[in-house]
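Asks: Just data_38.txt, nothing more (compact mmCIF, C-alpha atoms):
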# COMPACT_ATOMS: atom_id res chain seq x y z
CA MET I 25 79.48 177.97 121.75
CA THR I 26 80.96 175.77 124.42
CA THR I 27 81.39 172.04 124.11
CA ASP I 28 78.63 171.51 126.65
CA HIS I 29 76.13 173.48 124.69
CA GLN I 30 77.14 171.94 121.41
CA ILE I 31 76.42 168.48 122.71
CA GLU I 32 73.34 169.52 124.63
CA THR I 33 71.58 170.83 121.56
CA HIS I 34 71.63 167.29 120.19
CA ILE I 35 70.09 165.60 123.21
CA PRO I 36 66.45 165.79 122.03
CA ARG I 37 67.28 164.12 118.73
CA LEU I 38 69.48 161.53 120.35
CA ARG I 39 66.62 160.74 122.60
CA ARG I 40 64.11 160.54 119.74
CA TYR I 41 66.34 158.02 118.00
CA ALA I 42 66.98 156.06 121.21
CA ARG I 43 63.27 155.88 121.93
CA ALA I 44 62.53 154.57 118.47
CA LEU I 45 65.43 152.14 118.58
CA THR I 46 64.70 150.58 121.97
CA GLY I 47 60.94 151.02 122.09
CA ASP I 48 61.19 151.72 125.78
CA THR I 49 61.39 155.02 127.64
CA ASN I 50 63.70 153.89 130.40
CA ARG I 51 66.06 151.98 128.20
CA ALA I 52 66.15 154.91 125.81
CA ASP I 53 67.08 157.30 128.60
CA ASP I 54 69.78 154.92 129.78
CA LEU I 55 71.12 154.74 126.27
CA VAL I 56 71.20 158.52 125.90
CA GLN I 57 72.80 158.85 129.30
CA ASP I 58 75.56 156.37 128.52
CA THR I 59 76.10 157.95 125.13
CA LEU I 60 76.49 161.39 126.65
CA GLU I 61 78.88 160.16 129.28
CA ARG I 62 81.03 158.52 126.68
CA ALA I 63 80.85 161.57 124.45
CA TRP I 64 82.12 163.79 127.27
CA THR I 65 85.09 161.60 128.00
CA LYS I 66 85.93 161.10 124.32
CA PHE I 67 85.25 164.60 123.14
CA THR I 68 88.88 165.23 122.37
CA LEU I 69 88.62 162.48 119.75
CA TRP I 70 85.95 164.33 117.83
CA ARG I 71 87.44 165.99 114.77
CA ARG I 72 86.45 169.64 114.84
CA GLY I 73 84.58 170.64 111.75
CA SER I 74 83.13 167.19 111.19
CA ASP I 75 79.47 166.59 111.91
CA LEU I 76 79.01 166.40 115.66
CA ARG I 77 75.57 164.87 115.35
CA ALA I 78 76.79 161.99 113.21
CA TRP I 79 79.61 161.44 115.68
CA LEU I 80 77.13 161.26 118.57
CA PHE I 81 74.97 158.80 116.65
CA SER I 82 77.96 156.57 116.04
CA ILE I 83 78.75 156.59 119.76
CA MET I 84 75.14 155.73 120.49
CA HIS I 85 75.29 152.88 117.99
CA ASN I 86 78.29 151.39 119.77
CA VAL I 87 76.86 151.88 123.22
CA HIS I 88 73.64 150.24 122.09
CA ILE I 89 75.45 147.22 120.69
CA ASN I 90 77.32 146.85 123.97
CA GLN I 91 74.09 147.06 125.91
CA LEU I 92 72.49 144.44 123.66
CA ASP I 93 75.48 142.13 124.15
CA TYR I 94 75.29 142.67 127.85
CA ARG I 95 71.60 141.85 127.91
CA ALA I 96 72.12 138.80 125.74
CA ARG I 97 74.79 137.54 128.13
CA ARG I 98 72.51 138.06 131.07
CA LYS I 99 69.56 136.72 129.08
CA GLU I 100 67.30 139.45 130.26
CA GLU I 101 64.79 141.80 128.80
CA PRO I 102 63.83 140.58 125.37
CA MET I 103 62.00 143.13 123.23
CA PRO I 104 58.64 143.55 124.92
CA ASP I 105 55.62 142.23 123.05
CA GLU I 106 53.83 145.52 123.26
CA PRO I 107 56.87 147.70 123.22
CA LEU I 108 55.40 151.13 122.88
CA GLU I 109 52.64 152.98 124.57
CA ILE I 110 51.84 155.82 122.29
CA ALA I 111 49.66 158.83 122.63
CA VAL I 112 48.81 160.20 119.24
CA ALA I 113 46.29 162.87 118.59
CA GLY I 114 43.96 162.37 115.69
CA HIS I 115 41.29 159.98 114.67
CA HIS I 116 41.19 156.35 115.56
CA GLU I 117 42.31 154.88 112.27
CA ARG I 118 45.44 156.99 112.25
CA GLN I 119 46.21 155.86 115.77
CA LEU I 120 45.95 152.23 114.79
CA GLU I 121 48.18 152.78 111.82
CA VAL I 122 50.80 154.44 114.00
CA ARG I 123 50.67 151.73 116.63
CA ASP I 124 50.91 149.05 113.96
CA LEU I 125 54.05 150.62 112.61
CA ALA I 126 55.49 150.77 116.11
CA SER I 127 54.97 147.08 116.71
CA ALA I 128 56.12 146.13 113.21
CA LEU I 129 59.25 148.17 113.79
CA ALA I 130 59.95 146.38 117.06
CA GLN I 131 59.87 143.05 115.22
CA LEU I 132 62.58 144.05 112.79
CA PRO I 133 66.11 142.90 113.49
CA THR I 134 68.12 145.69 115.11
CA GLU I 135 70.42 146.18 112.08
CA TYR I 136 67.43 146.94 109.88
CA ARG I 137 65.74 149.13 112.45
CA GLU I 138 68.87 151.24 112.83
CA VAL I 139 69.16 151.95 109.13
CA LEU I 140 65.46 152.60 108.73
CA LEU I 141 65.41 155.08 111.60
CA LEU I 142 68.62 156.90 110.75
CA VAL I 143 67.32 157.44 107.21
CA GLY I 144 63.57 157.79 107.69
CA LEU I 145 63.43 159.53 111.05
CA GLU I 146 66.79 161.22 111.53
CA GLU I 147 67.14 162.00 107.83
CA LEU I 148 70.83 161.27 107.63
CA LYS I 149 72.43 160.94 104.21
CA TYR I 150 73.14 157.37 103.15
CA GLU I 151 76.89 158.03 103.34
CA GLU I 152 76.49 159.34 106.89
CA VAL I 153 74.55 156.25 107.90
CA ALA I 154 77.33 154.07 106.49
CA LYS I 155 79.86 155.96 108.60
CA VAL I 156 77.74 155.96 111.74
CA LEU I 157 77.17 152.22 111.56
CA ASN I 158 80.59 151.49 110.12
CA ILE I 159 79.23 149.43 107.24
CA PRO I 160 79.56 149.77 103.43
CA ILE I 161 76.97 151.93 101.72
CA GLY I 162 75.79 148.91 99.74
CA THR I 163 74.82 147.26 103.02
CA VAL I 164 72.99 150.41 104.09
CA MET I 165 70.96 150.32 100.88
CA SER I 166 70.12 146.63 101.04
CA ARG I 167 69.08 146.83 104.71
CA LEU I 168 67.00 149.89 103.95
CA ALA I 169 65.25 148.24 101.02
CA ARG I 170 64.62 144.99 102.87
CA GLY I 171 63.58 146.64 106.10
CA ARG I 172 61.08 148.88 104.35
CA GLU I 173 59.64 146.07 102.32
CA ARG I 174 59.27 143.94 105.40
CA LEU I 175 57.45 146.73 107.23
CA ARG I 176 55.20 147.25 104.24
CA LEU I 177 54.28 143.56 104.12
CA VAL I 178 53.64 143.39 107.83
CA LEU I 179 51.47 146.48 107.70
CA SER I 180 49.48 145.26 104.72
CA GLY I 181 48.90 141.97 106.54
CA THR I 182 50.78 139.71 104.11
CA ALA I 183 53.58 138.76 106.46
CA GLN I 184 51.56 138.91 109.63
CA THR I 185 51.48 135.19 110.34
CA ALA I 186 55.15 134.75 109.55
CA LEU I 187 56.25 137.47 111.93
CA ARG I 188 53.75 137.16 114.71
CA ARG I 189 55.30 136.39 118.03
CA VAL I 190 54.39 133.25 119.88
CA LYS I 191 53.00 134.30 123.20
CA MET O 4 69.56 154.86 82.32
CA SER O 5 67.58 152.15 84.02
CA ILE O 6 66.03 152.71 87.41
CA SER O 7 67.57 150.73 90.26
CA GLU O 8 66.25 149.91 93.71
CA HIS O 9 68.79 152.40 95.05
CA ASP O 10 67.18 155.11 92.88
CA LEU O 11 63.73 154.34 94.23
CA GLN O 12 64.90 154.49 97.85
CA ALA O 13 66.78 157.71 97.19
CA TYR O 14 63.65 159.16 95.58
CA VAL O 15 61.65 158.31 98.72
CA ASP O 16 64.20 160.04 100.92
CA GLY O 17 64.79 163.05 98.72
CA GLN O 18 68.40 161.98 98.30
CA ILE O 19 68.18 161.63 94.53
CA ASP O 20 70.04 163.87 92.14
CA PRO O 21 67.42 166.52 91.27
CA ALA O 22 68.31 166.08 87.60
CA ARG O 23 66.92 162.56 87.71
CA VAL O 24 63.58 163.23 89.41
CA ALA O 25 61.66 163.50 86.15
CA GLU O 26 63.13 160.24 84.92
CA ILE O 27 62.10 158.43 88.11
CA GLU O 28 58.63 159.88 87.96
CA THR O 29 58.17 158.67 84.42
CA HIS O 30 59.24 155.23 85.55
CA LEU O 31 56.76 155.28 88.43
CA ALA O 32 53.94 156.33 86.13
CA ASP O 33 54.64 153.24 84.03
CA ASN O 34 55.20 150.86 86.93
CA PRO O 35 52.30 150.94 89.35
CA GLN O 36 53.92 148.25 91.55
CA ASP O 37 56.94 150.44 92.15
CA ALA O 38 54.77 153.49 92.59
CA MET O 39 52.79 151.70 95.26
CA ARG O 40 55.94 150.72 97.12
CA VAL O 41 57.37 154.23 96.97
CA GLU O 42 54.11 155.57 98.33
CA ALA O 43 54.14 153.04 101.19
CA TYR O 44 57.75 153.84 102.09
CA ARG O 45 57.03 157.55 102.13
CA LYS O 46 54.17 156.92 104.45
CA GLN O 47 56.47 154.90 106.71
CA ASN O 48 58.75 157.92 107.03
CA GLN O 49 55.81 160.16 107.84
CA THR O 50 54.48 157.74 110.42
CA LEU O 51 57.90 157.48 112.06
CA HIS O 52 57.85 161.22 112.53
CA ALA O 53 54.30 161.13 113.86
CA LEU O 54 55.37 158.47 116.32
CA PHE O 55 58.60 159.85 117.62
CA ASP O 56 58.70 163.59 117.01
CA PRO O 57 56.71 164.23 120.20
CA THR O 58 59.81 162.98 122.03
CA LEU O 59 61.66 166.09 120.88
CA ASP O 60 59.40 168.32 122.95
CA GLU O 61 59.44 166.27 126.11
CA PRO O 62 61.27 167.87 128.99
CA LEU O 63 64.59 166.26 129.67
CA SER O 64 64.25 163.99 132.62
CA GLY O 65 66.11 165.09 135.71
CA ALA O 66 68.60 162.30 135.22
CA LEU O 67 69.62 163.49 131.77
CA GLN O 68 69.96 167.08 132.84
CA ARG O 69 71.80 166.42 136.00
CA ARG O 70 74.10 163.55 135.51
CA HIS O 71 75.79 164.21 132.25
CA ARG O 72 77.91 166.97 133.68
CA PRO O 73 79.55 166.90 137.07
CA ARG O 74 78.53 169.83 139.19
CA PRO O 75 81.09 172.26 140.40
CA GLN O 76 82.33 171.27 143.82
CA TRP O 77 80.85 174.24 145.67
CA GLN O 78 77.36 173.43 144.36
CA ARG O 79 77.70 169.94 145.70
CA TYR O 80 78.64 171.23 149.12
CA ALA O 81 75.80 173.73 149.03
CA ALA O 82 73.38 170.93 148.22
CA MET O 83 74.74 168.82 151.08
CA VAL O 84 74.36 171.68 153.52
CA GLY O 85 70.82 172.25 152.26
CA ILE O 86 69.86 168.64 152.72
CA LEU O 87 71.40 168.58 156.15
CA ALA O 88 69.47 171.69 157.15
CA LEU O 89 66.20 170.25 155.87
CA GLY O 90 66.96 167.04 157.68
CA LEU O 91 67.49 168.93 160.93
CA VAL O 92 64.25 170.84 160.54
CA LEU O 93 62.38 167.69 159.71
CA GLY O 94 64.08 165.77 162.48
CA PHE O 95 62.91 168.40 164.92
CA GLY O 96 59.38 168.11 163.56
CA LEU O 97 59.45 164.37 164.03
CA ARG O 98 61.16 164.38 167.44
CA GLY O 99 60.23 161.49 169.62
CA VAL O 100 60.09 159.03 166.78
CA THR O 101 62.00 155.77 166.76
CA ALA O 102 64.28 154.24 164.19
CA PRO O 103 62.54 152.12 161.59
CA ALA O 104 62.44 148.36 161.97
CA LEU O 105 63.61 146.05 159.21
CA GLY O 106 60.34 146.36 157.30
CA PRO O 107 60.85 149.75 155.62
CA MET O 108 63.83 148.52 153.59
CA ALA O 109 61.51 146.32 151.65
CA LEU O 110 59.07 149.19 151.41
CA SER O 111 61.40 151.43 149.45
CA LYS O 112 62.27 148.62 147.07
CA GLN O 113 58.68 147.67 146.40
CA ALA O 114 57.81 151.30 145.84
CA ALA O 115 60.69 151.80 143.42
CA PHE O 116 59.69 148.72 141.43
CA ALA O 117 56.14 149.96 141.15
CA HIS O 118 57.38 153.42 140.26
CA VAL O 119 59.55 152.17 137.43
CA ALA O 120 56.78 149.93 136.14
CA PHE O 121 54.09 152.57 135.78
CA VAL O 122 55.73 155.94 135.39
CA PRO O 123 56.65 155.43 131.70
CA GLU O 124 53.04 154.52 130.83
CA VAL O 125 51.42 156.91 128.43
CA LEU O 126 48.08 155.24 127.82
CA HIS O 127 47.39 153.67 131.21
CA PRO O 128 49.44 155.38 133.89
CA VAL O 129 46.67 154.91 136.42
CA GLU O 130 43.79 152.52 136.88
CA VAL O 131 41.34 155.08 138.22
CA SER O 132 41.89 158.70 137.32
CA ALA O 133 41.77 161.67 139.65
CA LYS O 134 38.43 162.62 138.10
CA GLN O 135 36.94 159.86 140.19
CA GLU O 136 38.95 160.66 143.25
CA ALA O 137 36.26 159.82 145.78
CA HIS O 138 35.73 156.43 144.19
CA LEU O 139 39.48 155.84 143.99
CA VAL O 140 40.05 156.62 147.65
CA ASN O 141 37.06 154.55 148.81
CA TRP O 142 38.10 151.62 146.73
CA LEU O 143 41.71 151.65 147.89
CA SER O 144 40.67 152.16 151.52
CA LYS O 145 38.44 149.15 151.27
CA ARG O 146 41.09 146.97 149.65
CA LEU O 147 43.91 148.01 151.97
CA GLY O 148 41.67 147.89 155.00
CA GLY O 149 42.16 151.36 156.45
CA ASP O 150 41.67 155.01 155.80
CA VAL O 151 43.74 155.64 152.68
CA ARG O 152 44.01 159.24 151.55
CA ALA O 153 45.41 160.79 148.41
CA PRO O 154 47.40 163.88 149.38
CA HIS O 155 47.11 166.93 147.17
CA LEU O 156 50.50 168.20 146.12
CA SER O 157 49.51 171.13 143.92
CA SER O 158 51.35 173.44 146.29
CA ALA O 159 54.51 171.57 145.33
CA GLY O 160 53.57 171.77 141.64
CA PHE O 161 52.33 168.20 141.27
CA ASP O 162 48.78 167.29 140.33
CA LEU O 163 47.15 164.00 141.18
CA MET O 164 46.68 161.85 138.07
CA GLY O 165 45.01 158.96 139.85
CA GLY O 166 45.99 155.68 141.36
CA ARG O 167 46.02 151.94 141.16
CA LEU O 168 45.91 148.83 143.27
CA LEU O 169 49.05 146.71 143.41
CA PRO O 170 49.94 143.35 144.79
CA GLY O 171 52.24 143.69 147.79
CA GLU O 172 54.13 141.11 149.78
CA ALA O 173 51.73 141.03 152.69
CA GLY O 174 48.58 142.18 150.91
CA PRO O 175 47.38 144.79 148.48
CA ALA O 176 49.20 148.08 148.18
CA ALA O 177 48.24 151.32 146.46
CA GLN O 178 50.04 153.71 144.19
CA PHE O 179 49.10 157.32 143.54
CA MET O 180 50.68 159.09 140.62
CA TYR O 181 51.37 162.80 140.28
CA GLN O 182 52.62 164.92 137.44
CA ASP O 183 53.96 168.44 137.16
CA HIS O 184 53.54 170.81 134.22
CA ARG O 185 56.67 169.45 132.58
CA GLY O 186 55.41 165.88 132.66
CA GLN O 187 57.73 164.89 135.50
CA ARG O 188 56.07 162.17 137.53
CA LEU O 189 56.11 161.13 141.16
CA THR O 190 54.47 158.16 142.78
CA LEU O 191 53.34 157.66 146.34
CA TYR O 192 53.26 154.03 147.36
CA VAL O 193 51.06 153.14 150.30
CA LYS O 194 50.86 149.86 152.12
CA ARG O 195 49.45 148.54 155.35
CA GLU O 196 51.95 148.19 158.18
CA GLN O 197 51.41 146.46 161.46
CA ALA O 198 49.99 149.03 163.80
CA ARG O 199 52.69 150.49 165.96
CA ALA O 200 52.64 153.12 168.60
CA SER O 201 55.18 155.44 167.04
CA GLU O 202 56.30 156.65 163.66
CA THR O 203 59.61 156.33 161.92
CA ALA O 204 61.76 159.14 160.62
CA PHE O 205 62.00 159.88 156.95
CA ARG O 206 64.44 157.55 155.31
CA PHE O 207 66.06 157.98 151.95
CA ALA O 208 67.07 155.24 149.54
CA LYS O 209 68.26 155.09 145.98
CA GLU O 210 66.80 152.02 144.31
CA ASN O 211 68.03 151.39 140.77
CA GLY O 212 68.39 155.08 140.15
CA VAL O 213 65.02 156.01 141.65
CA SER O 214 65.10 158.28 144.67
CA VAL O 215 62.72 157.21 147.42
CA PHE O 216 61.75 158.84 150.70
CA TYR O 217 59.85 156.46 152.92
CA TRP O 218 58.41 156.42 156.37
CA ILE O 219 55.83 154.75 158.53
CA ASP O 220 52.98 156.70 159.99
CA ARG O 221 50.56 154.82 162.24
CA ASP O 222 49.35 151.74 160.36
CA PHE O 223 50.59 152.72 156.92
CA GLY O 224 53.96 152.71 155.25
CA TYR O 225 54.51 155.45 152.66
CA ALA O 226 57.15 155.77 149.98
CA LEU O 227 57.49 158.73 147.67
CA SER O 228 59.51 157.94 144.53
CA GLY O 229 60.71 160.20 141.79
CA ASP O 230 63.55 161.29 139.64
CA LEU O 231 64.05 164.56 141.48
CA PRO O 232 67.04 165.98 143.30
CA LYS O 233 67.00 164.69 146.85
CA GLY O 234 66.26 168.07 148.40
CA ASP O 235 63.27 168.69 146.11
CA LEU O 236 61.87 165.24 146.73
CA LEU O 237 62.22 165.75 150.46
CA LYS O 238 60.18 168.94 150.25
CA VAL O 239 57.38 167.05 148.52
CA ALA O 240 57.65 164.25 151.09
CA GLU O 241 57.19 166.84 153.82
CA THR O 242 54.10 168.14 152.07
CA VAL O 243 52.71 164.61 151.89
CA TYR O 244 53.41 164.10 155.56
CA ARG O 245 51.76 167.37 156.56
CA GLN O 246 48.69 166.61 154.45
CA LEU O 247 48.26 163.25 156.08
CA ASN O 248 48.75 164.75 159.56
CA PRO O 249 46.85 168.02 159.48
What does this structure look like when you write it as structure tokens?

Replies:
Amino acid sequence: MTTDHQIETHIPRLRRYARALTGDTNRADDLVQDTLERAWTKFTLWRRGSDLRAWLFSIMHNVHINQLDYRARRKEEPMPDEPLEIAVAGHHERQLEVRDLASALAQLPTEYREVLLLVGLEELKYEEVAKVLNIPIGTVMSRLARGRERLRLVLSGTAQTALRRVK
Amino acid sequence: MSISEHDLQAYVDGQIDPARVAEIETHLADNPQDAMRVEAYRKQNQTLHALFDPTLDEPLSGALQRRHRPRPQWQRYAAMVGILALGLVLGFGLRGVTAPALGPMALSKQAAFAHVAFVPEVLHPVEVSAKQEAHLVNWLSKRLGGDVRAPHLSSAGFDLMGGRLLPGEAGPAAQFMYQDHRGQRLTLYVKREQARASETAFRFAKENGVSVFYWIDRDFGYALSGDLPKGDLLKVAETVYRQLNP
């Protein structure tokens, strides 16, 4: 398999993660695009035999941080209040539940959201997450535990007032 | 061995040593608080998949497919020749037209802004859907003050989804949205222009990554925006033009 194809097979999952991380279709596509561009130019740095997907996620993590810094410097585009428009088949209650999770997720600090998504959505091993984010595994576990608990409280209504945005 | 928070998380994610599953389950049976949390966390994982797995099946947007690998040089030249040829054909079709005035620059920008704002919408891409096309067209004609029409682009593979009214600089503007079978979307932005005797040629602009073909035809300015290769977008623009000038 050529390099091109190897990387291409990962695009859908990179995009799933980017969409969940940014909560915005356009920003997610930009993030994937920048990640791919950097991956192409740095491909020689990838150690053959190591997990390509984890490597791509770590590039995406760095690109995302840079983009956040850039946005912070330019003071533009805060997380939108209603960050995700979601079409979900199924009955109404399930839809609400899904949308609630989406908005609760958007309220989490980025560091927590990353861990939660890499574990819960992308199903990376804890050790892989630690490598991707370049943090100790203990930090992965504490962010995971805290992030999940925070989501749970928001979803059950306990923390709603504390976390609600001021419009 | 006592059960740690790490163990509970690992149990949720199936990253626990299989030899310890029974031990954890005994603990959960005795600790309803922990059991409740584990259940909630599992559900979070499931909901994340429900939310974002559909992304996996979405077609890659043109930008992602095209830009991440430079095309071989000959393809680029072929594309240029193709665009040039189309331009010549179109130019012949529109012979006798004059160059656009300053106005159309703003037109492409406004159209691109509106395109970027509404194309990502899943729940409310349009205000009035194509099911009520007659109503949509009447309403927009009334608001824009002229005979607004929604071209049908099925021949180019794009179906009308509907449209919406937008605020423009000099008055209301309209946006029609189209979608092909892969979910790729185009928008046609329409606004009133001061009546002029002649038309302008097709103009192309790239506004923040959005490709836009725009032109003025009698008292309306039109801008077709999309994330398509220039040649493909031009073909659709031609179809729009022909539909509006049968």

Asks: Using only C-alpha atoms, find which residues of chain I lie within 8 Å of chain O and jot them down as a PDB file with C-alpha atoms, keeping the file's coordinate frame.

Replies:
ATOM      1  CA  PRO I  36      66.450 165.790 122.030  1.00  0.00           C
ATOM      2  CA  ARG I  37      67.280 164.120 118.730  1.00  0.00           C
ATOM      3  CA  ARG I  39      66.620 160.740 122.600  1.00  0.00           C
ATOM      4  CA  ARG I  40      64.110 160.540 119.740  1.00  0.00           C
ATOM      5  CA  TYR I  41      66.340 158.020 118.000  1.00  0.00           C
ATOM      6  CA  ARG I  43      63.270 155.880 121.930  1.00  0.00           C
ATOM      7  CA  ALA I  44      62.530 154.570 118.470  1.00  0.00           C
ATOM      8  CA  THR I  49      61.390 155.020 127.640  1.00  0.00           C
ATOM      9  CA  ASN I  50      63.700 153.890 130.400  1.00  0.00           C
ATOM     10  CA  ASP I  53      67.080 157.300 128.600  1.00  0.00           C
ATOM     11  CA  VAL I  56      71.200 158.520 125.900  1.00  0.00           C
ATOM     12  CA  GLN I  57      72.800 158.850 129.300  1.00  0.00           C
ATOM     13  CA  LEU I  60      76.490 161.390 126.650  1.00  0.00           C
ATOM     14  CA  GLU I  61      78.880 160.160 129.280  1.00  0.00           C
ATOM     15  CA  GLU I 109      52.640 152.980 124.570  1.00  0.00           C
ATOM     16  CA  ILE I 110      51.840 155.820 122.290  1.00  0.00           C
ATOM     17  CA  ALA I 111      49.660 158.830 122.630  1.00  0.00           C
ATOM     18  CA  VAL I 112      48.810 160.200 119.240  1.00  0.00           C
ATOM     19  CA  VAL I 122      50.800 154.440 114.000  1.00  0.00           C
ATOM     20  CA  LEU I 125      54.050 150.620 112.610  1.00  0.00           C
ATOM     21  CA  ALA I 126      55.490 150.770 116.110  1.00  0.00           C
ATOM     22  CA  LEU I 141      65.410 155.080 111.600  1.00  0.00           C
ATOM     23  CA  VAL I 143      67.320 157.440 107.210  1.00  0.00           C
ATOM     24  CA  GLY I 144      63.570 157.790 107.690  1.00  0.00           C
ATOM     25  CA  LEU I 145      63.430 159.530 111.050  1.00  0.00           C
ATOM     26  CA  GLU I 147      67.140 162.000 107.830  1.00  0.00           C
ATOM     27  CA  LYS I 149      72.430 160.940 104.210  1.00  0.00           C
ATOM     28  CA  MET I 165      70.960 150.320 100.880  1.00  0.00           C
ATOM     29  CA  LEU I 168      67.000 149.890 103.950  1.00  0.00           C
ATOM     30  CA  ALA I 169      65.250 148.240 101.020  1.00  0.00           C
ATOM     31  CA  ARG I 172      61.080 148.880 104.350  1.00  0.00           C
ATOM     32  CA  GLU I 173      59.640 146.070 102.320  1.00  0.00           C
ATOM     33  CA  ARG I 176      55.200 147.250 104.240  1.00  0.00           C
TER      34      ARG I 176
END

Asks: Which residue out of I:Ile161, I:Leu80, I:Val178, I:Leu45 has the minimum interatomic distance to Tyr136 in chain I when all atoms listed in the file are used?

Replies: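 Under the stated criterion, the closest residue is I:Leu45.
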
Asks: Taking all atoms listed in the file into account, which of O:Gln187, O:Asn141, O:Thr203, O:Gln113 comes nearest Gly171 in chain O?

Replies: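 Closest residue, counting all atoms listed in the file: O:Gln113.
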
Asks: To one decimal in Å, tell me the separation between CA of Pro133 in chain I and CA of Asp54 in chain I.

Replies: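 Interatomic distance here is 20.6 Å.
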
Asks: Restricting the calculation to all atoms listed in the file: of O:Leu236, O:Tyr14, O:Gln135, O:Gly166, which residue gets closest to Ala38 in chain O?

Replies: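 The answer is O:Tyr14, which sits nearest to Ala38 in chain O.
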
Asks: Any idea what the distance is between CA of Arg123 in chain I and CA of Gly47 in chain I?

Replies: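 Interatomic distance, CA of Arg123 in chain I to CA of Gly47 in chain I: 11.7 Å.
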
Asks: List the neighbours of Lys155 in chain I out to 10 Å using only C-alpha atoms; skip same-chain residues closer than 3 positions along the sequence, and give me the result as a VMD selection string.

Replies: chain I and resid 78 to 79 81 to 82 149 to 152 158 to 161 164

Asks: Would you export the selected residues with C-alpha atoms as a PDB file, in the frame of the given file, please?

Replies:
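New file selection_3.pdb:
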ATOM      1  CA  ALA I  78      76.790 161.990 113.210  1.00  0.00           C
ATOM      2  CA  TRP I  79      79.610 161.440 115.680  1.00  0.00           C
ATOM      3  CA  PHE I  81      74.970 158.800 116.650  1.00  0.00           C
ATOM      4  CA  SER I  82      77.960 156.570 116.040  1.00  0.00           C
ATOM      5  CA  LYS I 149      72.430 160.940 104.210  1.00  0.00           C
ATOM      6  CA  TYR I 150      73.140 157.370 103.150  1.00  0.00           C
ATOM      7  CA  GLU I 151      76.890 158.030 103.340  1.00  0.00           C
ATOM      8  CA  GLU I 152      76.490 159.340 106.890  1.00  0.00           C
ATOM      9  CA  ASN I 158      80.590 151.490 110.120  1.00  0.00           C
ATOM     10  CA  ILE I 159      79.230 149.430 107.240  1.00  0.00           C
ATOM     11  CA  PRO I 160      79.560 149.770 103.430  1.00  0.00           C
ATOM     12  CA  ILE I 161      76.970 151.930 101.720  1.00  0.00           C
ATOM     13  CA  VAL I 164      72.990 150.410 104.090  1.00  0.00           C
TER      14      VAL I 164
END

Asks: CA of Arg170 in chain I and CA of Ile83 in chain I, how far apart in Å?

Replies: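 Between these atoms lies a distance of 24.9 Å.
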